[in-house]
$ cat model38.txt   # compact mmCIF, C-alpha atoms
# COMPACT_ATOMS: atom_id res chain seq x y z
CA MET Y 30 -57.15 10.06 29.13
CA GLU Y 31 -55.91 9.45 32.65
CA SER Y 32 -54.04 6.25 33.42
CA ARG Y 33 -56.12 5.66 36.57
CA ASN Y 34 -59.08 4.87 34.33
CA LEU Y 35 -57.21 2.05 32.70
CA GLN Y 36 -57.15 -1.20 34.65
CA PRO Y 37 -53.94 -3.22 34.84
CA LEU Y 38 -53.81 -6.19 32.53
CA SER Y 39 -52.85 -9.38 34.33
CA ILE Y 40 -52.74 -12.84 32.81
CA GLN Y 41 -51.59 -15.74 34.92
CA GLY Y 42 -48.95 -17.87 33.21
CA GLU Y 43 -49.82 -21.52 32.60
CA LYS Y 44 -47.98 -24.61 31.45
CA GLY Y 45 -50.34 -27.34 30.38
CA THR Y 46 -51.38 -28.34 26.91
CA PHE Y 47 -50.49 -24.81 25.91
CA TYR Y 48 -47.89 -22.48 27.37
CA VAL Y 49 -49.40 -19.15 28.39
CA PRO Y 50 -46.89 -16.47 29.36
CA HIS Y 51 -47.35 -14.42 32.51
CA VAL Y 52 -48.41 -10.89 31.65
CA HIS Y 53 -48.65 -7.82 33.83
CA PHE Y 54 -49.22 -4.40 32.28
CA ASP Y 55 -49.48 -1.57 34.81
CA ALA Y 56 -51.07 1.69 33.73
CA GLU Y 57 -49.86 3.63 36.79
CA SER Y 58 -46.16 2.94 36.28
CA GLY Y 59 -46.20 2.20 32.53
CA HIS Y 60 -44.33 -1.03 33.23
CA CYS Y 61 -45.29 -3.92 30.97
CA LEU Y 62 -43.97 -7.42 31.56
CA ILE Y 63 -44.36 -10.58 29.52
CA GLU Y 64 -42.57 -13.60 30.93
CA GLY Y 65 -42.32 -17.35 30.46
CA GLU Y 66 -43.15 -19.51 27.44
CA SER Y 67 -45.61 -18.79 24.65
CA TYR Y 68 -47.37 -21.51 22.66
CA LEU Y 69 -51.00 -20.54 22.65
CA GLU Y 70 -54.40 -21.92 21.78
CA ASN Y 71 -55.42 -18.69 20.06
CA THR Y 72 -52.32 -16.63 19.43
CA TRP Y 73 -53.99 -13.79 17.53
CA ALA Y 74 -56.66 -13.23 20.23
CA PHE Y 75 -54.04 -13.32 23.00
CA PHE Y 76 -51.75 -10.74 21.44
CA GLY Y 77 -54.78 -8.73 20.27
CA THR Y 78 -55.73 -8.29 23.95
CA LEU Y 79 -52.21 -7.04 24.76
CA LEU Y 80 -52.20 -4.71 21.78
CA ASP Y 81 -55.61 -3.25 22.69
CA TRP Y 82 -54.36 -2.48 26.19
CA LEU Y 83 -51.24 -0.77 24.81
CA LYS Y 84 -53.34 1.34 22.45
CA ALA Y 85 -55.52 2.45 25.37
CA TYR Y 86 -52.44 3.21 27.48
CA ALA Y 87 -50.89 5.20 24.64
CA GLN Y 88 -53.70 7.75 25.01
CA THR Y 89 -52.02 8.84 28.26
CA GLN Y 90 -48.83 9.72 26.35
CA LYS Y 91 -46.83 8.50 29.35
CA PRO Y 92 -43.57 6.52 29.09
CA ILE Y 93 -43.62 2.77 28.56
CA LEU Y 94 -41.07 0.39 30.03
CA PHE Y 95 -41.51 -2.99 28.36
CA ASP Y 96 -39.71 -6.04 29.73
CA PHE Y 97 -39.60 -9.21 27.64
CA LYS Y 98 -38.53 -12.21 29.71
CA LEU Y 99 -39.57 -15.01 27.40
CA SER Y 100 -37.68 -18.28 27.47
CA TYR Y 101 -39.55 -19.83 24.52
CA PHE Y 102 -42.10 -18.73 21.92
CA ASN Y 103 -43.28 -20.45 18.77
CA THR Y 104 -43.33 -18.77 15.38
CA SER Y 105 -46.99 -17.73 15.69
CA SER Y 106 -46.18 -15.98 18.97
CA SER Y 107 -43.20 -14.29 17.33
CA LYS Y 108 -45.62 -12.65 14.92
CA GLY Y 109 -47.68 -11.46 17.90
CA ILE Y 110 -44.54 -10.05 19.54
CA LEU Y 111 -43.68 -8.23 16.32
CA GLN Y 112 -47.14 -6.62 16.33
CA LEU Y 113 -46.53 -5.33 19.87
CA LEU Y 114 -43.12 -3.97 18.88
CA GLU Y 115 -44.49 -2.34 15.74
CA PHE Y 116 -47.01 -0.52 17.91
CA LEU Y 117 -44.25 0.59 20.30
CA GLN Y 118 -42.29 1.78 17.27
CA SER Y 119 -45.22 3.94 16.12
CA TYR Y 120 -45.71 5.25 19.68
CA GLU Y 121 -42.05 6.27 19.78
CA GLU Y 122 -42.24 7.88 16.34
CA ASP Y 123 -45.21 9.91 17.58
CA GLY Y 124 -43.11 11.27 20.44
CA GLY Y 125 -43.77 8.65 23.12
CA GLU Y 126 -40.98 7.50 25.40
CA VAL Y 127 -40.32 3.78 25.03
CA THR Y 128 -37.75 1.62 26.79
CA ILE Y 129 -37.54 -2.04 25.89
CA ASN Y 130 -35.54 -4.69 27.72
CA TRP Y 131 -35.05 -8.22 26.41
CA TYR Y 132 -33.85 -10.74 28.97
CA TYR Y 133 -32.55 -14.08 27.76
CA PRO Y 134 -30.55 -16.97 29.23
CA ALA Y 135 -26.86 -16.28 28.66
CA HIS Y 136 -26.34 -19.54 26.74
CA ASP Y 137 -29.36 -19.02 24.46
CA GLU Y 138 -28.07 -17.46 21.25
CA ASP Y 139 -31.36 -18.26 19.49
CA LEU Y 140 -33.28 -15.90 21.79
CA ARG Y 141 -30.63 -13.20 21.42
CA GLU Y 142 -30.88 -13.46 17.64
CA GLU Y 143 -34.66 -13.15 17.83
CA ALA Y 144 -34.22 -9.81 19.60
CA GLU Y 145 -31.66 -8.70 17.01
CA ASP Y 146 -34.13 -9.54 14.26
CA PHE Y 147 -36.89 -7.58 16.00
CA MET Y 148 -34.53 -4.59 16.19
CA ILE Y 149 -33.91 -4.78 12.45
CA ASP Y 150 -37.66 -5.11 11.83
CA THR Y 151 -38.66 -2.11 13.90
CA ASN Y 152 -35.60 0.15 14.23
CA LEU Y 153 -36.30 0.16 17.96
CA THR Y 154 -33.49 0.00 20.47
CA ILE Y 155 -33.91 -3.19 22.47
CA HIS Y 156 -31.60 -3.48 25.45
CA LEU Y 157 -30.27 -7.03 25.61
CA HIS Y 158 -29.63 -8.59 29.01
CA ALA Y 159 -28.02 -12.01 29.27
CA VAL Y 160 -29.06 -13.50 32.59
CA MET M 8 -59.14 -43.16 3.70
CA ASN M 9 -57.66 -46.66 3.76
CA THR M 10 -55.10 -47.71 6.36
CA THR M 11 -52.29 -48.96 4.13
CA LEU M 12 -50.78 -45.69 2.97
CA PRO M 13 -47.05 -45.83 2.19
CA TYR M 14 -46.01 -43.73 5.15
CA GLU M 15 -47.73 -46.09 7.58
CA GLN M 16 -45.74 -49.05 6.24
CA LEU M 17 -42.59 -46.97 6.55
CA PHE M 18 -43.44 -46.04 10.11
CA ILE M 19 -43.83 -49.65 11.16
CA LYS M 20 -40.43 -50.60 9.71
CA GLN M 21 -38.51 -47.76 11.33
CA HIS M 22 -39.89 -47.15 14.77
CA SER M 23 -37.89 -49.58 16.89
CA ASP M 24 -34.99 -47.43 18.10
CA SER M 25 -36.61 -43.99 18.23
CA LEU M 26 -36.65 -41.60 21.19
CA ILE M 27 -40.31 -40.96 20.51
CA SER M 28 -42.61 -42.40 17.92
CA TYR M 29 -46.21 -41.37 17.31
CA LYS M 30 -48.79 -41.77 14.61
CA GLY M 31 -52.38 -40.68 14.82
CA PRO M 32 -54.47 -37.57 15.27
CA ILE M 33 -52.39 -34.42 15.66
CA ASN M 34 -53.93 -31.90 18.03
CA PRO M 35 -52.57 -29.59 20.73
CA GLU M 36 -52.97 -32.20 23.45
CA VAL M 37 -50.95 -34.72 21.44
CA ILE M 38 -48.29 -32.12 20.66
CA ALA M 39 -48.02 -31.35 24.39
CA VAL M 40 -47.44 -35.04 25.16
CA ILE M 41 -44.84 -35.38 22.39
CA ILE M 42 -42.91 -32.37 23.69
CA SER M 43 -43.16 -33.51 27.28
CA GLN M 44 -41.83 -36.98 26.35
CA LEU M 45 -39.00 -35.44 24.35
CA ARG M 46 -37.96 -33.29 27.29
CA ASP M 47 -38.12 -36.31 29.60
CA ASN M 48 -36.23 -38.65 27.28
CA ILE M 49 -33.25 -36.47 26.48
CA SER M 50 -30.41 -35.91 28.87
CA THR M 51 -28.41 -33.26 27.09
CA VAL M 52 -27.61 -29.57 27.26
CA ASP M 53 -30.63 -27.25 27.63
CA GLN M 54 -30.13 -25.33 24.42
CA LEU M 55 -30.20 -28.43 22.24
CA THR M 56 -33.27 -29.82 23.99
CA LYS M 57 -35.01 -26.47 23.48
CA ARG M 58 -34.13 -26.51 19.79
CA LEU M 59 -35.35 -30.06 19.36
CA ALA M 60 -38.61 -29.28 21.17
CA ALA M 61 -39.11 -26.06 19.18
CA ILE M 62 -38.50 -27.88 15.89
CA SER M 63 -40.90 -30.67 16.86
CA ILE M 64 -43.60 -28.15 17.79
CA GLU M 65 -43.31 -26.33 14.46
CA LEU M 66 -43.37 -29.54 12.40
CA THR M 67 -46.30 -31.09 14.27
CA GLN M 68 -48.24 -27.82 14.12
CA ASN M 69 -47.79 -27.81 10.35
CA MET M 70 -49.35 -31.29 10.23
CA GLN M 71 -52.17 -30.11 12.49
CA TYR M 72 -52.91 -27.27 10.06
CA TYR M 73 -52.35 -28.88 6.66
CA SER M 74 -52.69 -32.67 6.72
CA SER M 75 -55.32 -33.90 4.28
CA GLU M 76 -55.93 -37.17 6.10
CA LEU M 77 -58.72 -36.95 8.65
CA ILE M 78 -59.79 -39.34 11.37
CA ASN M 79 -62.77 -39.35 13.71
CA PHE M 80 -61.39 -38.69 17.19
CA GLY M 81 -64.16 -38.57 19.75
CA LYS M 82 -66.68 -36.12 18.37
CA ARG M 83 -64.08 -34.26 16.35
CA LYS M 84 -62.41 -34.81 13.05
CA GLU M 85 -58.66 -34.54 13.52
CA ARG M 86 -55.84 -34.29 11.02
CA VAL M 87 -53.45 -37.23 11.00
CA GLY M 88 -49.67 -37.38 10.88
CA TRP M 89 -46.69 -39.12 12.39
CA ILE M 90 -43.44 -38.10 14.01
CA GLN M 91 -40.32 -39.97 15.08
CA VAL M 92 -37.20 -38.63 16.76
CA PHE M 93 -33.91 -40.53 16.74
CA GLU M 94 -30.69 -39.75 18.54
CA LYS M 95 -27.54 -40.34 16.48
CA GLU M 96 -23.90 -39.79 17.41
CA ASP M 97 -23.62 -36.22 16.14
CA THR M 98 -27.25 -35.31 15.47
CA PHE M 99 -30.85 -35.70 16.40
CA GLU M 100 -33.03 -36.74 13.49
CA VAL M 101 -36.67 -35.74 13.30
CA ASN M 102 -38.86 -37.46 10.73
CA CYS M 103 -42.48 -36.63 10.24
CA GLY M 104 -45.03 -37.40 7.59
CA ASN M 105 -48.55 -36.75 6.54
CA VAL M 106 -50.82 -36.72 3.53
CA LEU M 107 -51.08 -33.42 1.67
CA SER M 108 -52.92 -32.15 -1.36
CA LYS M 109 -50.69 -31.84 -4.40
CA GLU M 110 -51.27 -28.10 -4.43
CA VAL M 111 -49.78 -27.84 -0.92
CA VAL M 112 -46.98 -30.24 -1.87
CA ASN M 113 -45.98 -28.04 -4.82
CA GLN M 114 -45.81 -24.98 -2.55
CA LEU M 115 -43.84 -26.93 0.01
CA GLU M 116 -41.31 -28.16 -2.57
CA LYS M 117 -40.73 -24.63 -3.87
CA HIS M 118 -40.39 -23.31 -0.33
CA CYS M 119 -37.86 -26.03 0.60
CA ASN M 120 -35.86 -25.43 -2.58
CA THR M 121 -35.62 -21.75 -1.66
CA ILE M 122 -34.64 -22.52 1.92
CA ARG M 123 -31.98 -25.01 0.84
CA GLN M 124 -30.07 -22.33 -1.06
CA LEU M 125 -29.89 -19.84 1.81
CA ASP M 126 -27.32 -19.40 4.53
CA LYS M 127 -28.30 -18.48 8.08
CA ASP M 128 -28.27 -14.71 7.54
CA ASP M 129 -30.43 -15.04 4.44
CA LEU M 130 -32.82 -17.35 6.28
CA ARG M 131 -33.18 -14.79 9.06
CA SER M 132 -33.83 -12.12 6.47
CA LEU M 133 -36.48 -14.26 4.75
CA LYS M 134 -38.09 -15.01 8.10
CA ARG M 135 -38.31 -11.29 8.91
CA GLU M 136 -39.74 -10.54 5.50
CA ARG M 137 -42.45 -13.22 5.78
CA ARG M 138 -43.27 -12.45 9.39
CA LYS M 139 -44.09 -8.88 8.40
CA MET M 140 -46.58 -10.02 5.76
CA LYS M 141 -50.28 -9.61 6.46
CA LEU M 142 -52.02 -12.84 7.42
CA SER M 143 -54.87 -14.19 5.36
CA GLU M 144 -58.15 -14.48 7.28
CA ASP M 145 -58.05 -18.25 7.70
CA GLN M 146 -54.29 -18.51 8.36
CA GLN M 147 -53.55 -20.35 11.60
CA GLY M 148 -49.78 -20.05 11.79
CA ALA M 149 -47.28 -17.33 10.96
CA GLY M 150 -46.07 -19.15 7.80
CA ILE M 151 -42.43 -19.17 8.90
CA GLY M 152 -42.23 -22.53 10.67
CA LEU M 153 -39.99 -24.32 8.16
CA ILE M 154 -37.61 -21.36 7.97
CA GLN M 155 -37.33 -21.33 11.74
CA VAL M 156 -36.82 -25.10 11.81
CA THR M 157 -33.93 -24.73 9.33
CA ILE M 158 -32.34 -21.90 11.32
CA LEU M 159 -32.55 -23.88 14.57
CA ALA M 160 -31.37 -27.17 13.05
CA GLY M 161 -28.50 -25.69 11.05
CA ASN M 162 -29.69 -27.94 8.21
CA ALA M 163 -32.40 -27.70 5.58
CA PRO M 164 -35.19 -30.26 5.62
CA GLU M 165 -35.14 -33.16 3.17
CA LEU M 166 -38.42 -34.04 1.48
CA ASP M 167 -39.56 -37.45 0.33
CA ILE M 168 -42.76 -37.35 -1.72
CA ILE M 169 -44.78 -40.46 -2.51
CA ASP M 170 -47.75 -40.08 -4.82
CA ILE M 171 -50.94 -41.65 -3.55
CA ASN M 172 -53.34 -40.64 -6.32
CA LYS M 173 -53.95 -37.69 -8.64
CA ASP M 174 -54.90 -35.38 -5.76
CA LEU M 175 -52.82 -36.50 -2.79
CA SER M 176 -49.24 -37.29 -1.88
CA CYS M 177 -47.58 -38.57 1.24
CA VAL M 178 -44.83 -36.19 2.31
CA ILE M 179 -42.04 -37.18 4.65
CA ILE M 180 -39.90 -34.40 6.08
CA LYS M 181 -36.56 -35.34 7.57
CA ILE M 182 -34.34 -32.91 9.41
CA ASN M 183 -31.04 -33.40 11.20
CA ILE M 184 -30.22 -31.20 14.17
CA LYS M 185 -26.54 -30.72 14.86
CA LYS M 186 -25.45 -31.53 18.39

$ encode --input "model38.txt" --output "structure tokens"
Amino acid sequence: MESRNLQPLSIQGEKGTFYVPHVHFDAESGHCLIEGESYLENTWAFFGTLLDWLKAYAQTQKPILFDFKLSYFNTSSSKGILQLLEFLQSYEEDGGEVTINWYYPAHDEDLREEAEDFMIDTNLTIHLHAV
Amino acid sequence: MNTTLPYEQLFIKQHSDSLISYKGPINPEVIAVIISQLRDNISTVDQLTKRLAAISIELTQNMQYYSSELINFGKRKERVGWIQVFEKEDTFEVNCGNVLSKEVVNQLEKHCNTIRQLDKDDLRSLKRERRKMKLSEDQQGAGIGLIQVTILAGNAPELDIIDINKDLSCVIIKINIKK
């Protein structure tokens, strides 16, 4: 499958009743970004959309660079994030090239610990960046 | 359901000096207002405000999912609960309450007893273990809210259970968040 057949996935971030993170997944570059806060009306459908796009992209067997720049997510969203990471783990185990960056505010030890827990869960290397 | 449940009387007695105080239908719009008011009312370091907001979201979402008391709200039936947040010298105190079936109360008591015995590393381990579990079809949350609340607060929740009848109890959850 060629990456040009796969459309980028863009979701505009919103802060209203719910907090929708900004998402941009680019099939040409393999760069995937999720940024902002995540407290969603339908968490499973939201992360299902992201996971479906990643599965389609994985057909290209091209590298993935995934940047997490989340400043808050609730526990339901954390399960969605784990599902994304578990897929990236399986992609890597199947020979795919995966790079994951996790950006967090320097004072926010809670967000750093979340990333550490995801590393334990998945055995993935997640590069931590205090900003 | 009648309007003189024990938790309502308790709410009326205690609400005077709270940072926020709410009782009524719990839905996403209400949760958004509660969080917004919390963020507006607290002038403290970012990390603590984030923790307090995160804890309040998890506790109110639990009431939204599990409360057994329903009220007609517009054309919808909404689940009912209450939440109060107090600022003390060394802590913030979050109290919330709702009516639960005794089956749910039993599960909650066991869960809290487990949580109470764990240190932070063990809580993180339990959270990872539960987060990996497959969700049941009708499950709305990840099932790790109270564990996360305890990790963020640095304290386990205290439960106060008041029997209403053979099927229902009023459950008050109190948690202190270290400043």

$ residues_around --input "model38.txt" --residues "stretch 70-87 of chain Y" --least-positions-apart "4" --cutoff "10 Å" --atoms "all atoms listed in the file" --output "ChimeraX atom specification"
/Y:30-32,34-40,46-49,52-57,59,61,63,91-93,103,105-114,116-117,120,125 /M:35,147-149

$ closest_residue --input "model38.txt" --among "M:Glu165, M:Glu76, M:Asp47, M:Glu136" --to "chain Y" --atoms "only C-alpha atoms"
M:Glu136

$ atom_distance --input "model38.txt" --atom1 "atom CA of M:Leu107" --atom2 "atom CA of M:Leu175"
5.7 Å

$ closest_residue --input "model38.txt" --among "Y:Asn130, Y:Gln41, Y:Ser100, Y:Thr151" --to "Y:Glu115" --atoms "all atoms listed in the file"
Y:Thr151

$ closest_residue --input "model38.txt" --among "M:Ile27, M:Ala163, M:Ala60, M:Val101" --to "chain Y" --atoms "only C-alpha atoms"
M:Ala60

$ closest_atom_pairs --input "model38.txt" --of "chain M" --to "chain Y" --cutoff "10 Å" --atoms "all atoms listed in the file" --output "JSON lines"
{"residue": "M:Asn34", "atom": "CA", "partner": "Y:Thr46", "partner_atom": "CA", "distance": 9.9}
{"residue": "M:Pro35", "atom": "CA", "partner": "Y:Thr46", "partner_atom": "CA", "distance": 6.4}
{"residue": "M:Glu36", "atom": "CA", "partner": "Y:Thr46", "partner_atom": "CA", "distance": 5.4}
{"residue": "M:Val37", "atom": "CA", "partner": "Y:Thr46", "partner_atom": "CA", "distance": 8.4}
{"residue": "M:Ile38", "atom": "CA", "partner": "Y:Thr46", "partner_atom": "CA", "distance": 7.9}
{"residue": "M:Ala39", "atom": "CA", "partner": "Y:Thr46", "partner_atom": "CA", "distance": 5.2}
{"residue": "M:Val40", "atom": "CA", "partner": "Y:Thr46", "partner_atom": "CA", "distance": 8.0}
{"residue": "M:Ile42", "atom": "CA", "partner": "Y:Thr46", "partner_atom": "CA", "distance": 9.9}
{"residue": "M:Ser43", "atom": "CA", "partner": "Y:Thr46", "partner_atom": "CA", "distance": 9.7}
{"residue": "M:Asp53", "atom": "CA", "partner": "Y:His136", "partner_atom": "CA", "distance": 8.9}
{"residue": "M:Gln54", "atom": "CA", "partner": "Y:Asp137", "partner_atom": "CA", "distance": 6.4}
{"residue": "M:Leu55", "atom": "CA", "partner": "Y:Asp137", "partner_atom": "CA", "distance": 9.7}
{"residue": "M:Lys57", "atom": "CA", "partner": "Y:Tyr101", "partner_atom": "CA", "distance": 8.1}
{"residue": "M:Arg58", "atom": "CA", "partner": "Y:Asp139", "partner_atom": "CA", "distance": 8.7}
{"residue": "M:Ala61", "atom": "CA", "partner": "Y:Asn103", "partner_atom": "CA", "distance": 7.0}
{"residue": "M:Ile62", "atom": "CA", "partner": "Y:Asn103", "partner_atom": "CA", "distance": 9.3}
{"residue": "M:Ile64", "atom": "CA", "partner": "Y:Asn103", "partner_atom": "CA", "distance": 7.8}
{"residue": "M:Glu65", "atom": "CA", "partner": "Y:Asn103", "partner_atom": "CA", "distance": 7.3}
{"residue": "M:Arg131", "atom": "CA", "partner": "Y:Asp146", "partner_atom": "CA", "distance": 7.5}
{"residue": "M:Ser132", "atom": "CA", "partner": "Y:Asp146", "partner_atom": "CA", "distance": 8.2}
{"residue": "M:Lys134", "atom": "CA", "partner": "Y:Asp146", "partner_atom": "CA", "distance": 9.1}
{"residue": "M:Arg135", "atom": "CA", "partner": "Y:Asp150", "partner_atom": "CA", "distance": 6.9}
{"residue": "M:Glu136", "atom": "CA", "partner": "Y:Asp150", "partner_atom": "CA", "distance": 8.6}
{"residue": "M:Arg137", "atom": "CA", "partner": "Y:Lys108", "partner_atom": "CA", "distance": 9.7}
{"residue": "M:Arg138", "atom": "CA", "partner": "Y:Lys108", "partner_atom": "CA", "distance": 6.0}
{"residue": "M:Lys139", "atom": "CA", "partner": "Y:Lys108", "partner_atom": "CA", "distance": 7.7}
{"residue": "M:Met140", "atom": "CA", "partner": "Y:Lys108", "partner_atom": "CA", "distance": 9.6}
{"residue": "M:Leu142", "atom": "CA", "partner": "Y:Lys108", "partner_atom": "CA", "distance": 9.9}
{"residue": "M:Gln147", "atom": "CA", "partner": "Y:Ser105", "partner_atom": "CA", "distance": 8.2}
{"residue": "M:Gly148", "atom": "CA", "partner": "Y:Ser105", "partner_atom": "CA", "distance": 5.3}
{"residue": "M:Ala149", "atom": "CA", "partner": "Y:Ser105", "partner_atom": "CA", "distance": 4.8}
{"residue": "M:Gly150", "atom": "CA", "partner": "Y:Thr104", "partner_atom": "CA", "distance": 8.1}
{"residue": "M:Ile151", "atom": "CA", "partner": "Y:Thr104", "partner_atom": "CA", "distance": 6.6}
{"residue": "M:Gly152", "atom": "CA", "partner": "Y:Thr104", "partner_atom": "CA", "distance": 6.1}
{"residue": "M:Leu153", "atom": "CA", "partner": "Y:Thr104", "partner_atom": "CA", "distance": 9.7}
{"residue": "M:Ile154", "atom": "CA", "partner": "Y:Thr104", "partner_atom": "CA", "distance": 9.7}
{"residue": "M:Gln155", "atom": "CA", "partner": "Y:Thr104", "partner_atom": "CA", "distance": 7.5}
{"residue": "M:Val156", "atom": "CA", "partner": "Y:Thr104", "partner_atom": "CA", "distance": 9.8}
{"residue": "M:Ile158", "atom": "CA", "partner": "Y:Asp139", "partner_atom": "CA", "distance": 9.0}
{"residue": "M:Leu159", "atom": "CA", "partner": "Y:Asp139", "partner_atom": "CA", "distance": 7.6}

$ atom_distance --input "model38.txt" --atom1 "atom CA of Y:Gln88" --atom2 "atom CA of Y:Thr128"
17.2 Å

$ residues_around --input "model38.txt" --residues "M:Cys119" --least-positions-apart "4" --cutoff "8 Å" --atoms "all atoms listed in the file" --output "compact mmCIF listing (two decimals) with C-alpha atoms, in the coordinates of the input"
# COMPACT_ATOMS: atom_id res chain seq x y z
CA LEU M 115 -43.84 -26.93 0.01
CA ARG M 123 -31.98 -25.01 0.84
CA ALA M 163 -32.40 -27.70 5.58
CA PRO M 164 -35.19 -30.26 5.62

$ atom_distance --input "model38.txt" --atom1 "atom CA of Y:Thr154" --atom2 "atom CA of Y:Glu64"
19.4 Å
